[in-house]
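Heads up, the thing below is written out as structure tokens.
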Amino acid sequence: MQQRQSLPYVFLVPTMAILVVLAFVPMFYAIGVSLENRTLSSPDSHFVGLKNYLLLFGDSRFVNALWVSVKWELITVSATMIAAIGLGVLMFEAAGPKLRNALSLIFLIPVLLPRVCAAFVWKFAFHPLYGIITYPYRLITGQPLDMLSSPTQALFAVAFVDLWQWGFFFAVIVLKLIEILPQQPLEAARLDYAKPWQIHVYITLPMLRVPLVSLMFVKMIESLRSFDLIYVMTRGGPGTSTETLDMYAFSQGFIEAGKISYASSMAVIMMVATVVIFTVVWKRLKS
Amino acid sequence: MSYNCIRTIALATVFGALSASVATAGPVCKSDVRILAQPRDALTMLEEQKADFKTLSGVDFEIDYLNEGDRRAKSQADASTTGRYNVYYVDEANLALFASSGWLVPLLDHYPAEFDFDDFDDGRKTTATYDGKIWFAPIQGGGDIMVYRKDLLEAAGIKPPTTLDELRAAVPKLTDPAKGVYGIALRGKRGSGDNVWRWMPYFKAEGGQWFDNGKPAFDSQAAVDATNIYLDLFKYSSPGTQTGSWDEATGAFLSGQVAIIIESAPLAAITIDPAKSSVTDKVAFLPPPSPMPGGGFAHGFAIGAKGNPDKEARDCAGLFVAWATSKEVEMKRLEAGDVGEVNRKSIVESALFSEKYGTALPEALAATAPKTAVNFWQNAHWPELGNKWGILLEELITGQRTDVKGALDELDEFAKQFASD
């Protein structure tokens, strides 16, 4: 009996220990560094308390990066979920099983492409003179369209690529979730002459609430890690219009100033904000 | 005996002598040399000559490539922390930071004398010098050159501009978007080595100085005028260059969409290379219009400090740098038509150089030399300051902000923290 009770710990302790080392050591190290004035160019550093954090809130570029990050999350997560649910339902309603499988296979391709490759391909597609995306505009107006150079359009252009990668993938997941739902409630609704959209709005989607919320959280976390996509397509520009928090931290830490402690303080703020916001959203949606 | 035959024998003799001199001292290297660089034709060719280096040193080498901005960021991170690389590709813009931070070791302490460092172009040697010491051996360098389309200028009845005023008058006349032709191609992408690099000649042409009696002078009238000129010219710059760099600007010219471009000198040779240019027989060269100075630059290989903890490792890295930039390797570049990456006086003065390129290109390159100057602030804080201005300038170019003086005032305020340096 004693052996049976201790067995879970035998399996759990080593994995938890590895997790703690991998997750907590860098985290506490980052917090420690953020309380110093460490730079790449100098081997010496001193404890400066909360100075870096206080400087951050007077840094307009940091505030801008924070706002861009919020916009990026809202745009990419909402667009991906809307597209995924729409496409998933459309495939379920309009396509037979064979076509659905074929479409599912095709829809998986974008997410299999490494994001840096996707970014380069789409950067060229958005080129004002050669790009396939901008071609119709050129054809109709005779003018070039340079979306990646527009402060108001650049973020949407990059978000479109993110949607292309993840929207189709999530649509396949939504389709498979609908397919495995029990068919009786849907049949009952059809017998009552419910229209397809009513079936999905009032029956299918409420039944899928928990997996859809989980999917949304996966996308929220994934969107926080879009550094490579934005970096390749706009490098945060034009100006700072697509500069997210992680990109600004990277710029301060490595590209521009070598201010490792300052960059770490941004990383810590990002981590705390993410944990707090995600916890609140999760609890709200769960209830 | 033909010239080629004599040259081959001479090269073989020199290379053999070098190999023998190193061999008699015993193998210098014990482990493969790791290099962090940015893509260059010269380095692609270098990889094809790995066997020669192995004969010389007894080891192999491996080059990791990143584009310019990423290479700068990664080399800074690596040199200051782990030091995984033995050799870094450095440039004029980050040399001061790398040298003053102790991330490099002085090159000549580990550069074998028989490779003749003095043979390098004097301007590039000066650019490779910081605090009285030489830190890298050049792979590429020079100043700026103006390349223009003879056919487009002739058709428009415009003489090639020799002054900045003539350039400003010519560019709008040459722009015809309906025909897919733009007067000029500039760089808009933010960065000390991108939009700021191309803006600096206008700043200097207007009499701008970074500091005045130790105080930042970034919001001077010269800076305002230079920025207004740059923004005015950008109205006629080809689409895609507003947030573009060297690739976008030169790509537009090479594909035939641009009438005039003022860029770093290696572009000249690329424009007459049929494999890379669609306008090979339509271009001509001139120095940048007066009073614009050319932006003096040099890129090259330097020995990392952390990656080479002892003298033996540094000697090995020094041997690689010397070999990779040697006369023999440069001659092979010239033979392959890579004239933009030739740095040694003996190669430029060689019979083969004249044989391959006649007189027009060498004369044009020579004419840029007196106009070449160091335009940027040679200080470890330059990347930070230059990048700050790069963001502000990109915002002005893309219309995110319109107040030129306000942007320069902001830069001036930012620069005050560095004034004491």
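Please note that chains go A, B, ... in the order of the structure tokens, that every chain numbers its residues from 1, and that ligands are numbered from 1 in the order shown.
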
Problem set entry | Those in stretch 47-95 of chain A with alpha helix (DSSP H) from DSSP, as a PyMOL selection string | chain A and resi 51-56+60-94

For this session: Excluding A:Ile85 and residues on its chain fewer than 2 positions from it, collect all residues at most 10 Å away from it, counting only C-alpha atoms, and give them as a count of residues only.
Result: 20

Problem set entry | Non-local contacts of stretch 298-307 of chain B (6 Å; only C-alpha atoms; under 2 positions in same chain excluded) as a count of residues only | 23

Residues of chain B at most 8 Å from chain A: nearest atom pair and distance in Å, only C-alpha atoms, as a Markdown table:
| residue | atom | partner | partner_atom | distance |
| --- | --- | --- | --- | --- |
| B:Gly69 | CA | A:Ile255 | CA | 7.7 |
| B:Arg72 | CA | A:Ile255 | CA | 7.1 |
| B:Ala73 | CA | A:Ile255 | CA | 4.8 |
| B:Lys74 | CA | A:Phe254 | CA | 7.5 |
| B:Gln76 | CA | A:Phe254 | CA | 6.8 |
| B:Ala77 | CA | A:Phe254 | CA | 6.2 |
| B:Ser80 | CA | A:Leu40 | CA | 5.7 |
| B:Thr81 | CA | A:Leu40 | CA | 7.8 |
| B:Leu97 | CA | A:Ser41 | CA | 7.5 |
| B:Ser101 | CA | A:Ser41 | CA | 5.1 |
| B:Ala178 | CA | A:Gly142 | CA | 7.5 |
| B:Lys189 | CA | A:Pro238 | CA | 7.7 |
| B:Arg190 | CA | A:Gly239 | CA | 7.2 |
| B:Pro239 | CA | A:Pro128 | CA | 6.0 |
| B:Gly240 | CA | A:Pro128 | CA | 6.0 |
| B:Gln242 | CA | A:Ser149 | CA | 6.2 |
| B:Thr243 | CA | A:Ser149 | CA | 5.6 |
| B:His381 | CA | A:Ala257 | CA | 7.8 |
| B:Pro383 | CA | A:Glu256 | CA | 5.8 |
| B:Glu384 | CA | A:Glu256 | CA | 4.6 |
| B:Asn387 | CA | A:Glu256 | CA | 6.3 |
| B:Ile391 | CA | A:Gly239 | CA | 4.9 |
| B:Leu392 | CA | A:Gly239 | CA | 6.5 |
| B:Leu393 | CA | A:Gly239 | CA | 7.8 |
| B:Glu394 | CA | A:Gly239 | CA | 5.2 |
| B:Glu395 | CA | A:Gly239 | CA | 4.5 |
| B:Thr398 | CA | A:Ser149 | CA | 6.4 |
| B:Gly399 | CA | A:Pro151 | CA | 7.9 |
| B:Gln400 | CA | A:Pro151 | CA | 6.3 |

For this session: Write out as a list in words each polymer residue whose atoms come within 10 Å of stretch 160-169 of chain B, counting only C-alpha atoms; drop sequence neighbours fewer than 4 positions from it.
Result: Met146, Val147, Tyr148, Arg149, Lys150, Leu153, Glu154, Lys173, Leu174, Gly183, Ile184, Tyr202, Ala205, Ile229, Tyr230, Asp232, Leu233, Ile260, Ala284, Phe285, Leu286, Pro287, Pro288, Pro289, Ser290, Pro291 and Met292 of chain B

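Excluding A:Ile109 itself and any same-chain residue fewer than 5 positions from it, the protein and nucleic acid residues within 12 Å of it, counting only C-alpha atoms, are Ala102, Leu103, Ser104, Pro114, Arg115, Ala118, Trp164, Gln165, Trp166, Gly167, Phe168, Phe169 and Val172 of chain A.
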
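Compared by their closest atoms to A:Asn101, and using only C-alpha atoms, the residues A:Asp44, A:Glu243, A:Asp228, A:Glu179 rank with A:Glu179 nearest.
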
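Atom CA of B:Gly132 lies 26.6 Å from atom CA of B:Ala217.
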
Give me the residues within 10 Å of A:Val161 as a CSV table (one decimal) with N, CA and C atoms, in the first residue's frame, counting only C-alpha atoms and dropping any in the same chain fewer than 6 places off.
chain,number,residue,atom,x,y,z
A,76,THR,N,-5.0,39.1,-34.1
A,76,THR,CA,-4.7,37.8,-34.6
A,76,THR,C,-5.5,36.7,-33.9
A,110,PRO,N,0.0,25.4,-44.6
A,110,PRO,CA,0.6,26.6,-44.1
A,110,PRO,C,1.3,26.6,-42.7
A,115,ARG,N,7.9,29.5,-40.0
A,115,ARG,CA,7.4,30.9,-40.0
A,115,ARG,C,8.3,31.9,-40.7
A,118,ALA,N,7.7,31.4,-44.3
A,118,ALA,CA,6.4,32.1,-44.7
A,118,ALA,C,6.5,33.6,-44.7
A,119,ALA,N,7.2,34.1,-43.8
A,119,ALA,CA,7.4,35.6,-43.7
A,119,ALA,C,8.1,36.1,-45.0
A,121,VAL,N,8.2,34.6,-47.9
A,121,VAL,CA,7.4,34.5,-49.1
A,121,VAL,C,6.3,35.6,-49.2
A,122,TRP,N,5.7,35.8,-48.0
A,122,TRP,CA,4.6,36.8,-48.0
A,122,TRP,C,5.2,38.3,-48.1
A,123,LYS,N,6.4,38.5,-47.6
A,123,LYS,CA,7.0,39.8,-47.8
A,123,LYS,C,7.1,40.1,-49.3
A,167,GLY,N,-5.2,30.1,-39.1
A,167,GLY,CA,-6.6,30.1,-39.4
A,167,GLY,C,-7.1,28.7,-40.0
A,229,LEU,N,8.0,36.3,-37.3
A,229,LEU,CA,7.2,36.7,-38.4
A,229,LEU,C,7.3,38.3,-38.6
A,230,ILE,N,7.1,39.0,-37.5
A,230,ILE,CA,7.1,40.4,-37.5
A,230,ILE,C,8.5,40.9,-37.9
A,233,MET,N,9.2,40.4,-41.6
A,233,MET,CA,8.4,41.2,-42.5
A,233,MET,C,8.5,42.7,-42.4

For this session: Pick out the residues sitting within 8 Å of B:Arg198, and hand them over as a PyMOL selection string; count only C-alpha atoms, and ignore anything fewer than 5 positions along from it in its own chain.
Result: chain B and resi 186-187+263+295

N, CA and C atoms of the current selection, written as a tab-separated table (two decimals), in the first residue's frame:
chain	number	residue	atom	x	y	z
B	186	LEU	N	16.39	55.20	-52.89
B	186	LEU	CA	17.04	55.51	-51.61
B	186	LEU	C	16.74	54.39	-50.62
B	187	ARG	N	17.31	54.49	-49.45
B	187	ARG	CA	17.01	53.49	-48.41
B	187	ARG	C	16.15	54.14	-47.32
B	263	GLU	N	25.03	54.79	-54.31
B	263	GLU	CA	25.15	53.69	-53.35
B	263	GLU	C	26.62	53.35	-53.09
B	295	GLY	N	30.13	57.85	-48.44
B	295	GLY	CA	30.19	57.25	-47.10
B	295	GLY	C	31.28	56.18	-47.05

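The smallest atom-to-atom distance between A:Met220 and any of A:Thr244, A:Thr134, A:Gln5, A:Thr274, using only C-alpha atoms, is found for A:Thr274.
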
Problem set entry | Separation of atom CA of B:Ile262 from atom CA of B:Ile145 in Å | 5.6 Å

DSSP strand (DSSP E or B) selection over stretch 276-381 of chain B, as an mmCIF file with C-alpha atoms, in the first residue's frame:
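Written output follows (out-v8.cif):
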data_model
loop_
_atom_site.group_PDB
_atom_site.id
_atom_site.type_symbol
_atom_site.label_atom_id
_atom_site.label_comp_id
_atom_site.auth_asym_id
_atom_site.auth_seq_id
_atom_site.Cartn_x
_atom_site.Cartn_y
_atom_site.Cartn_z
ATOM 1 C CA VAL B 283 24.914 52.319 -67.153
ATOM 2 C CA ALA B 284 27.681 54.814 -66.523
ATOM 3 C CA PHE B 285 29.434 55.951 -63.375
ATOM 4 C CA LEU B 286 30.333 59.200 -61.676
ATOM 5 C CA SER B 290 29.184 67.753 -55.085
ATOM 6 C CA GLY B 294 30.848 59.362 -50.167
ATOM 7 C CA GLY B 295 30.195 57.249 -47.102
ATOM 8 C CA PHE B 297 33.040 52.026 -45.233
ATOM 9 C CA ALA B 298 34.870 48.770 -44.783
ATOM 10 C CA HIS B 299 33.779 45.315 -43.727
ATOM 11 C CA GLY B 300 36.196 42.611 -42.727
ATOM 12 C CA PHE B 301 37.284 39.758 -40.530
ATOM 13 C CA ALA B 302 38.398 40.303 -36.940
ATOM 14 C CA ILE B 303 39.681 37.956 -34.231
ATOM 15 C CA GLY B 304 37.256 37.369 -31.349
ATOM 16 C CA ARG B 344 44.524 45.180 -52.141
ATOM 17 C CA THR B 372 35.160 59.463 -49.569
ATOM 18 C CA ALA B 373 34.890 60.426 -45.917
#
